[in-house]
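Text of my_file.pdb (PDB, C-alpha atoms and all ligand atoms) as supplied:
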```pdb
ATOM      1  CA  MET A  95     123.702 110.526  69.102
ATOM      2  CA  ASP A  96     120.321 112.168  69.181
ATOM      3  CA  HIS A  97     118.995 109.549  66.766
ATOM      4  CA  LEU A  98     118.966 107.090  69.698
ATOM      5  CA  THR A  99     115.976 108.679  71.411
ATOM      6  CA  ASP A 100     112.863 110.597  70.540
ATOM      7  CA  LEU A 101     109.578 111.457  72.179
ATOM      8  CA  LYS A 102     107.202 110.368  69.425
ATOM      9  CA  PRO A 103     104.675 107.645  70.155
ATOM     10  CA  PRO A 104     105.239 104.412  68.183
ATOM     11  CA  VAL A 105     103.700 104.737  64.720
ATOM     12  CA  ALA A 106     102.155 101.310  64.533
ATOM     13  CA  GLY A 107     100.725  99.028  67.159
ATOM     14  CA  LYS A 108      97.548  98.301  69.000
ATOM     15  CA  ILE A 109      97.053 100.050  72.305
ATOM     16  CA  LYS A 110      96.988  97.452  75.079
ATOM     17  CA  ILE A 111      96.848  99.631  78.190
ATOM     18  CA  GLU A 112      95.553 103.166  78.576
ATOM     19  CA  PHE A 113      95.871 105.509  81.526
ATOM     20  CA  LYS A 114      93.515 108.444  81.060
ATOM     21  CA  ASP A 115      93.893 111.367  83.462
ATOM     22  CA  VAL A 116      94.533 108.931  86.287
ATOM     23  CA  ARG A 117      94.745 110.295  89.792
ATOM     24  CA  LYS A 118      95.391 108.600  93.113
ATOM     25  CA  VAL A 119      94.737 110.388  96.374
ATOM     26  CA  TYR A 120      95.049 109.099  99.923
ATOM     27  CA  ARG A 121      93.275 110.626 102.869
ATOM     28  CA  ILE A 122      95.994 111.122 105.473
ATOM     29  CA  LYS A 123      96.392 112.462 108.979
ATOM     30  CA  LYS A 124      98.294 115.741 108.988
ATOM     31  CA  GLU A 125     101.219 116.276 111.341
ATOM     32  CA  HIS A 126      99.411 119.049 113.262
ATOM     33  CA  GLY A 127      96.009 117.346 113.446
ATOM     34  CA  GLY A 128      93.130 117.046 111.032
ATOM     35  CA  CYS A 129      93.026 115.235 107.752
ATOM     36  CA  GLY A 130      94.189 116.145 104.304
ATOM     37  CA  ASP A 131      94.482 114.692 100.838
ATOM     38  CA  PHE A 132      97.826 113.356  99.745
ATOM     39  CA  VAL A 133      98.070 113.340  95.979
ATOM     40  CA  VAL A 134     100.212 110.337  95.056
ATOM     41  CA  LEU A 135      99.593 110.469  91.317
ATOM     42  CA  ASP A 136      98.184 113.265  89.236
ATOM     43  CA  ASN A 137      97.257 113.540  85.602
ATOM     44  CA  ILE A 138      98.733 110.213  84.504
ATOM     45  CA  ASN A 139      98.234 109.763  80.771
ATOM     46  CA  LEU A 140     100.026 106.873  79.157
ATOM     47  CA  ASN A 141      99.474 104.326  76.411
ATOM     48  CA  VAL A 142     101.262 101.007  76.439
ATOM     49  CA  TYR A 143     101.311  99.174  73.119
ATOM     50  CA  ASP A 144     100.682  95.486  72.552
ATOM     51  CA  GLY A 145     103.897  93.487  72.909
ATOM     52  CA  GLU A 146     105.903  96.496  74.037
ATOM     53  CA  PHE A 147     108.488  96.524  76.831
ATOM     54  CA  LEU A 148     107.873  99.709  78.776
ATOM     55  CA  THR A 149     109.923 100.688  81.805
ATOM     56  CA  LEU A 150     108.842 103.217  84.413
ATOM     57  CA  VAL A 151     111.745 104.993  86.054
ATOM     58  CA  GLY A 152     111.685 107.599  88.798
ATOM     59  CA  PRO A 153     112.961 108.466  92.260
ATOM     60  CA  SER A 154     111.832 106.534  95.306
ATOM     61  CA  GLY A 155     108.361 107.611  96.433
ATOM     62  CA  CYS A 156     107.246 109.079  93.078
ATOM     63  CA  GLY A 157     104.416 106.566  92.734
ATOM     64  CA  LYS A 158     105.863 103.811  90.525
ATOM     65  CA  SER A 159     104.505 100.961  92.656
ATOM     66  CA  THR A 160     101.194 102.773  92.933
ATOM     67  CA  ILE A 161     100.900 102.800  89.131
ATOM     68  CA  LEU A 162     101.530  99.048  89.014
ATOM     69  CA  ASP A 163      99.149  98.347  91.907
ATOM     70  CA  LEU A 164      96.449 100.311  90.088
ATOM     71  CA  LEU A 165      97.149  98.392  86.907
ATOM     72  CA  ALA A 166      97.059  95.100  88.795
ATOM     73  CA  GLY A 167      93.691  96.157  90.209
ATOM     74  CA  LEU A 168      94.939  95.876  93.793
ATOM     75  CA  ILE A 169      93.886  99.427  94.662
ATOM     76  CA  PRO A 170      91.195 101.683  93.165
ATOM     77  CA  ASN A 171      92.020 104.912  91.336
ATOM     78  CA  SER A 172      90.594 108.179  92.652
ATOM     79  CA  GLY A 173      90.012 109.718  89.228
ATOM     80  CA  GLY A 174      90.342 109.032  85.530
ATOM     81  CA  ALA A 175      90.296 105.572  83.984
ATOM     82  CA  ILE A 176      92.625 102.647  83.358
ATOM     83  CA  LEU A 177      91.747 100.407  80.423
ATOM     84  CA  ILE A 178      93.065  97.135  79.099
ATOM     85  CA  ASP A 179      91.968  96.280  75.555
ATOM     86  CA  GLY A 180      89.512  99.155  75.803
ATOM     87  CA  ARG A 181      87.814  97.853  78.961
ATOM     88  CA  VAL A 182      88.020  99.548  82.328
ATOM     89  CA  ILE A 183      89.827  97.278  84.769
ATOM     90  CA  GLU A 184      87.823  96.071  87.724
ATOM     91  CA  GLY A 185      90.146  94.439  90.226
ATOM     92  CA  PRO A 186      92.782  91.777  89.738
ATOM     93  CA  ALA A 187      92.388  89.249  86.926
ATOM     94  CA  MET A 188      94.285  86.486  85.190
ATOM     95  CA  ASP A 189      95.090  88.674  82.186
ATOM     96  CA  ARG A 190      97.843  90.310  84.262
ATOM     97  CA  GLY A 191     100.764  88.576  85.979
ATOM     98  CA  PHE A 192     102.623  90.359  88.780
ATOM     99  CA  VAL A 193     106.245  89.922  89.858
ATOM    100  CA  MET A 194     107.142  91.905  92.950
ATOM    101  CA  GLN A 195     110.400  93.107  94.463
ATOM    102  CA  ALA A 196     110.115  90.882  97.507
ATOM    103  CA  TYR A 197     110.234  87.212  96.741
ATOM    104  CA  ALA A 198     106.533  86.629  97.117
ATOM    105  CA  LEU A 199     106.613  82.850  96.956
ATOM    106  CA  PHE A 200     104.530  80.653  99.219
ATOM    107  CA  PRO A 201     107.099  79.213 101.649
ATOM    108  CA  TRP A 202     105.047  76.078 102.326
ATOM    109  CA  LEU A 203     104.850  75.110  98.662
ATOM    110  CA  ASN A 204     107.719  73.665  96.667
ATOM    111  CA  VAL A 205     108.925  75.302  93.453
ATOM    112  CA  ARG A 206     106.609  73.310  91.198
ATOM    113  CA  ALA A 207     103.555  73.968  93.364
ATOM    114  CA  ASN A 208     104.406  77.685  93.473
ATOM    115  CA  VAL A 209     104.504  77.808  89.678
ATOM    116  CA  GLU A 210     101.234  75.860  89.485
ATOM    117  CA  PHE A 211      99.445  78.051  91.994
ATOM    118  CA  GLY A 212      97.525  80.216  89.499
ATOM    119  CA  LEU A 213      96.740  77.137  87.437
ATOM    120  CA  SER A 214      95.110  75.442  90.419
ATOM    121  CA  ILE A 215      92.925  78.509  90.892
ATOM    122  CA  LYS A 216      91.985  78.268  87.228
ATOM    123  CA  LYS A 217      91.004  74.621  87.914
ATOM    124  CA  ILE A 218      93.347  73.256  85.268
ATOM    125  CA  PRO A 219      93.648  69.449  85.635
ATOM    126  CA  LYS A 220      96.741  68.105  87.357
ATOM    127  CA  LYS A 221      98.325  66.498  84.301
ATOM    128  CA  GLU A 222      98.075  69.685  82.292
ATOM    129  CA  ARG A 223      99.364  71.698  85.255
ATOM    130  CA  ARG A 224     102.438  69.467  85.414
ATOM    131  CA  ALA A 225     103.115  69.969  81.718
ATOM    132  CA  ILE A 226     102.776  73.762  81.965
ATOM    133  CA  SER A 227     104.910  74.116  85.101
ATOM    134  CA  GLY A 228     107.495  71.815  83.529
ATOM    135  CA  HIS A 229     107.619  74.004  80.451
ATOM    136  CA  TYR A 230     108.128  77.259  82.357
ATOM    137  CA  LEU A 231     110.570  75.767  84.854
ATOM    138  CA  GLU A 232     112.656  74.676  81.912
ATOM    139  CA  MET A 233     112.409  78.170  80.408
ATOM    140  CA  VAL A 234     113.859  79.708  83.575
ATOM    141  CA  GLY A 235     116.408  76.907  84.013
ATOM    142  CA  LEU A 236     115.005  75.401  87.213
ATOM    143  CA  THR A 237     113.856  71.957  86.114
ATOM    144  CA  SER A 238     116.099  70.182  88.600
ATOM    145  CA  PHE A 239     114.862  72.394  91.475
ATOM    146  CA  ALA A 240     111.155  71.590  91.099
ATOM    147  CA  ASN A 241     110.947  69.826  94.461
ATOM    148  CA  ARG A 242     112.903  72.392  96.471
ATOM    149  CA  TYR A 243     111.287  74.865  98.841
ATOM    150  CA  PRO A 244     111.793  78.647  98.601
ATOM    151  CA  HIS A 245     114.144  78.800 101.624
ATOM    152  CA  GLU A 246     116.464  76.400  99.804
ATOM    153  CA  LEU A 247     116.916  78.769  96.847
ATOM    154  CA  SER A 248     119.133  81.784  96.155
ATOM    155  CA  GLY A 249     117.546  85.208  95.564
ATOM    156  CA  GLY A 250     118.027  84.908  91.810
ATOM    157  CA  MET A 251     116.381  81.493  91.756
ATOM    158  CA  LYS A 252     113.424  82.760  93.777
ATOM    159  CA  GLN A 253     112.846  85.545  91.262
ATOM    160  CA  ARG A 254     113.073  83.018  88.421
ATOM    161  CA  VAL A 255     110.333  81.006  90.145
ATOM    162  CA  ALA A 256     108.234  84.154  90.539
ATOM    163  CA  ILE A 257     108.657  84.898  86.823
ATOM    164  CA  ALA A 258     107.780  81.302  85.879
ATOM    165  CA  ARG A 259     104.708  81.519  88.104
ATOM    166  CA  ALA A 260     103.583  84.784  86.512
ATOM    167  CA  LEU A 261     104.075  83.380  82.991
ATOM    168  CA  ALA A 262     102.479  79.992  83.723
ATOM    169  CA  PHE A 263      98.885  81.159  83.514
ATOM    170  CA  ASP A 264      99.743  82.906  80.265
ATOM    171  CA  PRO A 265      98.764  86.496  81.095
ATOM    172  CA  GLN A 266      98.857  89.021  78.275
ATOM    173  CA  VAL A 267     100.483  91.619  80.465
ATOM    174  CA  LEU A 268     103.413  91.159  82.807
ATOM    175  CA  LEU A 269     103.779  93.705  85.603
ATOM    176  CA  MET A 270     107.140  93.798  87.345
ATOM    177  CA  ASP A 271     107.933  95.984  90.349
ATOM    178  CA  GLU A 272     111.713  96.271  90.820
ATOM    179  CA  PRO A 273     111.976  92.489  90.570
ATOM    180  CA  PHE A 274     115.781  92.437  90.523
ATOM    181  CA  ALA A 275     116.509  95.227  93.016
ATOM    182  CA  ALA A 276     117.534  92.903  95.844
ATOM    183  CA  LEU A 277     119.972  90.871  93.728
ATOM    184  CA  ASP A 278     123.723  91.256  93.296
ATOM    185  CA  ALA A 279     124.841  93.048  90.125
ATOM    186  CA  GLN A 280     125.895  89.936  88.240
ATOM    187  CA  THR A 281     122.711  87.946  88.926
ATOM    188  CA  ARG A 282     120.714  90.999  88.041
ATOM    189  CA  GLU A 283     122.343  91.339  84.623
ATOM    190  CA  THR A 284     121.859  87.632  83.959
ATOM    191  CA  LEU A 285     118.161  87.861  84.840
ATOM    192  CA  GLN A 286     117.731  90.984  82.694
ATOM    193  CA  ASP A 287     119.047  89.000  79.721
ATOM    194  CA  GLU A 288     116.849  86.015  80.567
ATOM    195  CA  LEU A 289     113.828  88.257  80.861
ATOM    196  CA  LEU A 290     114.499  89.808  77.445
ATOM    197  CA  GLY A 291     114.817  86.301  76.011
ATOM    198  CA  LEU A 292     111.477  85.262  77.551
ATOM    199  CA  TRP A 293     109.814  88.452  76.358
ATOM    200  CA  GLU A 294     111.001  87.885  72.798
ATOM    201  CA  LYS A 295     109.683  84.313  72.934
ATOM    202  CA  THR A 296     106.335  85.043  74.562
ATOM    203  CA  GLN A 297     105.456  88.458  73.043
ATOM    204  CA  LYS A 298     103.938  89.702  76.296
ATOM    205  CA  THR A 299     103.332  93.347  77.012
ATOM    206  CA  VAL A 300     105.663  94.207  79.900
ATOM    207  CA  VAL A 301     105.456  97.139  82.317
ATOM    208  CA  PHE A 302     108.634  97.086  84.380
ATOM    209  CA  VAL A 303     109.308  99.462  87.276
ATOM    210  CA  THR A 304     112.824 100.359  88.354
ATOM    211  CA  HIS A 305     114.726 103.208  89.950
ATOM    212  CA  ALA A 306     117.929 102.146  88.153
ATOM    213  CA  ILE A 307     118.539 104.103  84.948
ATOM    214  CA  ASP A 308     120.820 101.480  83.391
ATOM    215  CA  GLU A 309     118.196  98.774  83.914
ATOM    216  CA  ALA A 310     115.469 100.989  82.433
ATOM    217  CA  VAL A 311     117.575 101.681  79.325
ATOM    218  CA  TYR A 312     118.808  98.139  78.835
ATOM    219  CA  LEU A 313     115.322  96.603  78.827
ATOM    220  CA  ALA A 314     113.019  99.172  77.297
ATOM    221  CA  ASP A 315     111.395  99.952  74.006
ATOM    222  CA  ARG A 316     110.194 103.095  75.772
ATOM    223  CA  ILE A 317     110.878 104.638  79.154
ATOM    224  CA  ALA A 318     108.267 106.635  81.056
ATOM    225  CA  VAL A 319     110.217 109.057  83.227
ATOM    226  CA  MET A 320     108.507 110.079  86.456
ATOM    227  CA  ALA A 321     108.915 112.887  88.977
ATOM    228  CA  ALA A 322     107.615 113.183  92.526
ATOM    229  CA  GLY A 323     105.459 115.680  94.382
ATOM    230  CA  PRO A 324     102.861 114.850  93.050
ATOM    231  CA  GLY A 325     103.852 111.709  91.152
ATOM    232  CA  ARG A 326     103.587 112.312  87.435
ATOM    233  CA  ILE A 327     105.033 111.218  84.115
ATOM    234  CA  THR A 328     107.254 113.955  82.756
ATOM    235  CA  ASP A 329     108.549 112.320  79.564
ATOM    236  CA  VAL A 330     108.105 109.144  77.548
ATOM    237  CA  VAL A 331     111.297 108.390  75.650
ATOM    238  CA  ASN A 332     111.840 105.914  72.795
ATOM    239  CA  ILE A 333     115.001 103.849  73.210
ATOM    240  CA  LYS A 334     116.339 103.041  69.789
ATOM    241  CA  LEU A 335     119.102 100.710  70.846
ATOM    242  CA  SER A 336     119.159  97.705  68.529
ATOM    243  CA  ARG A 337     118.187  94.263  69.800
ATOM    244  CA  PRO A 338     119.404  91.816  70.919
ATOM    245  CA  ARG A 339     121.191  93.980  73.461
ATOM    246  CA  GLN A 340     123.565  91.464  75.006
ATOM    247  CA  GLY A 341     126.991  93.045  75.114
ATOM    248  CA  SER A 342     125.674  96.589  74.602
ATOM    249  CA  ARG A 343     126.120  97.696  78.228
ATOM    250  CA  GLY A 344     129.659  98.917  77.652
ATOM    251  CA  SER A 345     128.889 100.708  74.375
ATOM    252  CA  ALA A 346     129.076 104.447  73.787
ATOM    253  CA  GLU A 347     125.403 104.432  72.725
ATOM    254  CA  PHE A 348     124.357 102.840  75.983
ATOM    255  CA  GLY A 349     126.396 105.319  78.040
ATOM    256  CA  TRP A 350     124.879 108.212  76.138
ATOM    257  CA  LEU A 351     121.318 106.935  76.650
ATOM    258  CA  ARG A 352     121.942 106.506  80.364
ATOM    259  CA  HIS A 353     123.192 110.060  80.538
ATOM    260  CA  LYS A 354     120.222 111.336  78.542
ATOM    261  CA  ILE A 355     117.643 109.609  80.775
ATOM    262  CA  GLY A 356     119.513 110.981  83.795
ATOM    263  CA  GLN A 357     118.994 114.459  82.355
ATOM    264  CA  TYR A 358     115.279 113.832  81.847
ATOM    265  CA  LEU A 359     115.055 112.669  85.463
ATOM    266  CA  LYS A 360     116.825 115.774  86.736
ATOM    267  CA  SER A 361     114.778 118.209  84.698
ATOM    268  CA  GLY A 362     111.503 116.808  86.031
ATOM    269  CA  LYS A 363     112.576 117.099  89.617
ATOM    270  CA  GLU A 364     111.206 120.376  90.891
ATOM    271  CA  ILE A 365     109.598 119.029  94.090
ATOM    272  CA  GLN A 366     106.636 120.978  95.400
ATOM    273  CA  GLU A 367     107.429 121.593  99.035
ATOM    274  CA  ASP A 368     103.833 122.326 100.015
ATOM    275  CA  GLN A 369     102.844 118.690  99.511
ATOM    276  CA  PRO A 370     101.904 117.141 102.864
ATOM    277  CA  ARG A 371     104.083 114.225 103.916
ATOM    278  CA  ALA A 372     102.277 110.910 103.667
ATOM    279  CA  VAL A 373     101.453 109.372 107.007
ATOM    280  CA  ILE A 374      99.851 106.032 106.429
ATOM    281  CA  THR A 375      96.779 105.880 108.628
ATOM    282  CA  ASP A 376      94.585 103.477 106.815
ATOM    283  CA  VAL A 377      95.860 100.564 104.825
ATOM    284  CA  ALA A 378      92.541  98.722 105.062
ATOM    285  CA  GLU A 379      91.806  99.603 101.449
ATOM    286  CA  VAL A 380      94.980  97.839 100.292
ATOM    287  CA  ILE A 381      94.414  94.843 102.550
ATOM    288  CA  ASP A 382      90.826  94.456 101.332
ATOM    289  CA  ALA A 383      91.982  94.489  97.744
ATOM    290  CA  GLN A 384      94.643  91.886  98.468
ATOM    291  CA  ALA A 385      92.164  89.675 100.292
ATOM    292  CA  ALA A 386      89.998  89.734  97.181
ATOM    293  CA  LEU A 387      92.826  87.967  95.333
TER     294      LEU A 387
HETATM  295  P1  LIG A 401     107.624 104.269  94.569
HETATM  296  O1  LIG A 401     107.220 102.883  94.208
HETATM  297  O2  LIG A 401     107.866 105.141  93.372
HETATM  298  O3  LIG A 401     108.798 104.308  95.491
HETATM  299  P2  LIG A 401     105.029 104.334  95.891
HETATM  300  O4  LIG A 401     104.086 104.163  94.754
HETATM  301  O5  LIG A 401     105.292 103.164  96.742
HETATM  302  O6  LIG A 401     106.397 104.962  95.338
HETATM  303  O7  LIG A 401     104.504 105.495  96.840
HETATM  304  C1  LIG A 401     104.238 106.808  96.365
HETATM  305  C2  LIG A 401     103.818 107.703  97.499
HETATM  306  O8  LIG A 401     102.562 107.289  97.968
HETATM  307  C3  LIG A 401     104.752 107.691  98.686
HETATM  308  O9  LIG A 401     104.910 109.014  99.140
HETATM  309  C4  LIG A 401     104.020 106.850  99.714
HETATM  310  O10 LIG A 401     104.320 107.290 101.008
HETATM  311  C5  LIG A 401     102.567 107.146  99.375
HETATM  312  N1  LIG A 401     101.662 106.050  99.735
HETATM  313  C6  LIG A 401     101.683 104.769  99.269
HETATM  314  N2  LIG A 401     100.702 104.038  99.829
HETATM  315  C7  LIG A 401     100.031 104.863 100.666
HETATM  316  C8  LIG A 401      98.878 104.725 101.546
HETATM  317  N3  LIG A 401      98.237 103.561 101.651
HETATM  318  N4  LIG A 401      98.488 105.810 102.252
HETATM  319  C9  LIG A 401      99.116 106.995 102.123
HETATM  320  N5  LIG A 401     100.192 107.208 101.318
HETATM  321  C10 LIG A 401     100.635 106.159 100.597
HETATM  322 MG    MG A 402     108.053 101.007  94.756
END
```
How does the structure come out when it is put into structure tokens?
Amino acid sequence: MDHLTDLKPPVAGKIKIEFKDVRKVYRIKKEHGGCGDFVVLDNINLNVYDGEFLTLVGPSGCGKSTILDLLAGLIPNSGGAILIDGRVIEGPAMDRGFVMQAYALFPWLNVRANVEFGLSIKKIPKKERRAISGHYLEMVGLTSFANRYPHELSGGMKQRVAIARALAFDPQVLLMDEPFAALDAQTRETLQDELLGLWEKTQKTVVFVTHAIDEAVYLADRIAVMAAGPGRITDVVNIKLSRPRQGSRGSAEFGWLRHKIGQYLKSGKEIQEDQPRAVITDVAEVIDAQAAL
């Protein structure tokens, strides 16, 4: 079944996102005193193509969230360059929507107001805001929940609201950091299918982080496989499973792909033991970046 994967870049397609020799280093306190550099990401080179669904998979701590945070412009890179449409990114902007693992909804706003949040910042008039939030709430099947508050929703519903909110201001790129990790298996599979449906409809470029191999395979056009110590991309694999993929989870092809990606993950795993352990001493940088939002 080797025809189901290969390592070639896509032949056609405009490059949307470029990581060029990207490096992220944190200054940390060492266990026995003094300071040292902790290399979170090293030598990250990756192109993401316009309209592509790319998943990033790797073990916990390998730097997946850091890659997304860099791409979102929440934290600065220490070396190299990250470009969107050929321009170096400078902080967060409305061309990128972010869906996080934790349900990052505003608890004091109802569902509709949460979805309209970015639109209010963009100063879009109320009537238009209503129409847009109505459209996306319908897309994620939450029209009748528009007046509810986050604490009145299930986990799956909260993530649907977060997705509607990210889509509402029509970003070109959707960044998703383990958005379904906290959900039960059934809800998770339902939301994966819904997400693929939305992606096909909206043609967004999606960068989706997960540590679950089956999720990475099910969703992706390509999978960037990461390893830790320092965090790096070891392989970028094309997933040639036909779409739509509903019903393919039990297939022999799917099982084989899962196995294959598992092998890629294992082969990239030689951890360098001399890496200092990260001790977070200064999160001011992150907090500053978030405040700038
Ligand atoms: P993943 O999302 O793959 O689980 P992260 O990107 O969250 O990994 O983290 C990668 C590594 O970077 C971890 O070892 C983590 O401890 C370290 N790290 C993240 N943020 C900081 C920080 N502000 N200071 C020091 N180390 C950090
Ligand atoms: Mg993470």
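Reported to one decimal place, the separation of CA of Glu146 (chain A) from CA of Ile111 (chain A) is 10.4 Å.
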Edge lengths and centre in Å, axis-aligned, ligand LIG 401 (chain A) plus 6 Å each side, as JSON:
```
{"center_x": 103.5, "center_y": 105.9, "center_z": 97.8, "size_x": 22.6, "size_y": 18.1, "size_z": 20.9}
```
(request) List every protein, DNA or RNA residue that has at least one atom no more than 12 Å from (112.8, 71.7, 86.2) in the file's coordinates, counting only C-alpha atoms, and write the result as a list of chain:residue names. (result)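 Protein and nucleic acid residues near the point are A:Asn204, A:Val205, A:Arg206, A:Ala207, A:Val209, A:Arg224, A:Ala225, A:Ile226, A:Ser227, A:Gly228, A:His229, A:Tyr230, A:Leu231, A:Glu232, A:Met233, A:Val234, A:Gly235, A:Leu236, A:Thr237, A:Ser238, A:Phe239, A:Ala240, A:Asn241, A:Arg242, A:Met251, A:Arg254, A:Val255, A:Ala258.
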So that each row is one residue of chain A with an atom at most 10 Å from ligand MG 402 (chain A), can you give its shortest atom pair and the distance in Å to one decimal, using only C-alpha atoms and all ligand atoms, rows by chain and rising number, as a Markdown table?
```
| residue | atom | partner | partner_atom | distance |
| --- | --- | --- | --- | --- |
| A:Gly152 | CA | A:MG402 | MG | 9.6 |
| A:Pro153 | CA | A:MG402 | MG | 9.3 |
| A:Ser154 | CA | A:MG402 | MG | 6.7 |
| A:Gly155 | CA | A:MG402 | MG | 6.8 |
| A:Cys156 | CA | A:MG402 | MG | 8.3 |
| A:Gly157 | CA | A:MG402 | MG | 6.9 |
| A:Lys158 | CA | A:MG402 | MG | 5.5 |
| A:Ser159 | CA | A:MG402 | MG | 4.1 |
| A:Thr160 | CA | A:MG402 | MG | 7.3 |
| A:Ile161 | CA | A:MG402 | MG | 9.3 |
| A:Leu162 | CA | A:MG402 | MG | 8.9 |
| A:Asp163 | CA | A:MG402 | MG | 9.7 |
| A:Met194 | CA | A:MG402 | MG | 9.3 |
| A:Gln195 | CA | A:MG402 | MG | 8.2 |
| A:Asp271 | CA | A:MG402 | MG | 6.7 |
| A:Glu272 | CA | A:MG402 | MG | 7.2 |
| A:Val303 | CA | A:MG402 | MG | 7.7 |
| A:Thr304 | CA | A:MG402 | MG | 8.0 |
| A:His305 | CA | A:MG402 | MG | 8.5 |
```
(request) List the residues selected by the PyMOL selection byres (((chain A and resi 253) around 10) and not hetatm) in the file shown, writing them as a PyMOL selection string. (result) chain A and resi 193-199+234+247-252+254-259+273-274+276-277+285
(message) Just the number, please: distance in Å from CA of Lys220 (chain A) to CA of Gly167 (chain A), one decimal.
(response)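 Between CA of Lys220 (chain A) and CA of Gly167 (chain A) the gap is 28.4 Å.
The residue that comes closest to ligand LIG 401 (chain A), out of A:Asp179, A:Glu288, A:Glu347, A:Asp136 and on the basis of all atoms listed in the file, is A:Asp136.
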(message) Please report the interatomic distance between CA of Val319 (chain A) and CA of Trp350 (chain A) in Å with one decimal.
(response)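 These atoms are spaced 16.3 Å apart.
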(message) I'd like to know which of A:Phe211, A:Tyr358, A:Phe302, A:Phe200 is closest to ligand LIG 401 (chain A), using only C-alpha atoms and all ligand atoms.
(response)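 Of all the options, A:Phe302 lies closest to ligand LIG 401 (chain A).
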(message) Can you tell me which residues surround region 335-341 of chain A at a distance of at most 10 Å, considering all atoms listed in the file, apart from same-chain residues fewer than 2 positions away, and format the answer as JSON, numbers by chain?
(response) {"A": [97, 98, 99, 283, 284, 286, 287, 290, 291, 294, 311, 312, 313, 314, 315, 332, 333, 343, 344, 345, 347, 348, 351]}
Writer output for current selection, C-alpha atoms, as a CSV table (one decimal), in the coordinates of the input:
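Resulting contents of again34.csv:
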```csv
chain,number,residue,atom,x,y,z
A,97,HIS,CA,119.0,109.5,66.8
A,98,LEU,CA,119.0,107.1,69.7
A,99,THR,CA,116.0,108.7,71.4
A,283,GLU,CA,122.3,91.3,84.6
A,284,THR,CA,121.9,87.6,84.0
A,286,GLN,CA,117.7,91.0,82.7
A,287,ASP,CA,119.0,89.0,79.7
A,290,LEU,CA,114.5,89.8,77.4
A,291,GLY,CA,114.8,86.3,76.0
A,294,GLU,CA,111.0,87.9,72.8
A,311,VAL,CA,117.6,101.7,79.3
A,312,TYR,CA,118.8,98.1,78.8
A,313,LEU,CA,115.3,96.6,78.8
A,314,ALA,CA,113.0,99.2,77.3
A,315,ASP,CA,111.4,100.0,74.0
A,332,ASN,CA,111.8,105.9,72.8
A,333,ILE,CA,115.0,103.8,73.2
A,343,ARG,CA,126.1,97.7,78.2
A,344,GLY,CA,129.7,98.9,77.7
A,345,SER,CA,128.9,100.7,74.4
A,347,GLU,CA,125.4,104.4,72.7
A,348,PHE,CA,124.4,102.8,76.0
A,351,LEU,CA,121.3,106.9,76.6
```
(message) Under the rule that all atoms listed in the file are counted, which of A:Gly127, A:Gly185, A:Gly356, A:Gly145 is the nearest residue to Leu268 (chain A)?
(response) A:Gly145
(request) Pull out every residue that the PyMOL selection byres (((chain A and resi 321) around 8) and not hetatm) matches in the shown coordinates and put them as an MDAnalysis selection string. (result) chainID A and resid 152:153 156 319:320 322:328 359 362:363
(request) Using only C-alpha atoms, find the one residue out of A:Lys216, A:Arg223, A:Arg316, A:Arg282 that sits nearest to Pro103 (chain A). (result)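 The closest residue to Pro103 (chain A) is A:Arg316.
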(request) Pick out the closest residue to ligand LIG 401 (chain A) from this set: A:Pro265, A:Pro170, A:Gly191, A:Gly212. Count all atoms listed in the file. (result)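 Closest to ligand LIG 401 (chain A), using all atoms listed in the file: A:Pro170.
Each of A:Gly130, A:Pro201, A:Pro219, A:Pro104 was checked against ligand LIG 401 (chain A) using all atoms listed in the file; the smallest atom-to-atom distance is that of A:Gly130.
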(message) Tell me which residues come within 6 Å of (90.4, 113.8, 87.5), as a count of residues only, counting only C-alpha atoms in the file's coordinates.
(response) 3
(request) List, as number ranges by chain, every residue that the PyMOL selection byres (((chain A and resi 180) around 9) and not hetatm) selects in the file provided. (result) A: 109-112, 176-179, 181-182
Reconstruct N, CA and C atoms of region 204-211 of chain A from the incomplete input and present them as a JSON list (two decimals), in the frame of the given file.
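Written out: part-v1.json:
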```
[["chain", "number", "residue", "atom", "x", "y", "z"],
["A", 204, "ASN", "N", 106.46, 73.81, 97.38],
["A", 204, "ASN", "CA", 107.72, 73.67, 96.67],
["A", 204, "ASN", "C", 107.66, 74.46, 95.36],
["A", 205, "VAL", "N", 108.80, 74.47, 94.64],
["A", 205, "VAL", "CA", 108.92, 75.30, 93.45],
["A", 205, "VAL", "C", 107.82, 74.98, 92.44],
["A", 206, "ARG", "N", 107.61, 73.69, 92.19],
["A", 206, "ARG", "CA", 106.61, 73.31, 91.20],
["A", 206, "ARG", "C", 105.21, 73.79, 91.62],
["A", 207, "ALA", "N", 104.89, 73.58, 92.89],
["A", 207, "ALA", "CA", 103.56, 73.97, 93.36],
["A", 207, "ALA", "C", 103.39, 75.50, 93.34],
["A", 208, "ASN", "N", 104.48, 76.23, 93.58],
["A", 208, "ASN", "CA", 104.41, 77.68, 93.47],
["A", 208, "ASN", "C", 104.07, 78.10, 92.04],
["A", 209, "VAL", "N", 104.74, 77.46, 91.08],
["A", 209, "VAL", "CA", 104.50, 77.81, 89.68],
["A", 209, "VAL", "C", 103.08, 77.42, 89.26],
["A", 210, "GLU", "N", 102.57, 76.34, 89.87],
["A", 210, "GLU", "CA", 101.23, 75.86, 89.48],
["A", 210, "GLU", "C", 100.10, 76.57, 90.22],
["A", 211, "PHE", "N", 100.47, 77.47, 91.12],
["A", 211, "PHE", "CA", 99.44, 78.05, 91.99],
["A", 211, "PHE", "C", 98.26, 78.68, 91.23]]
```
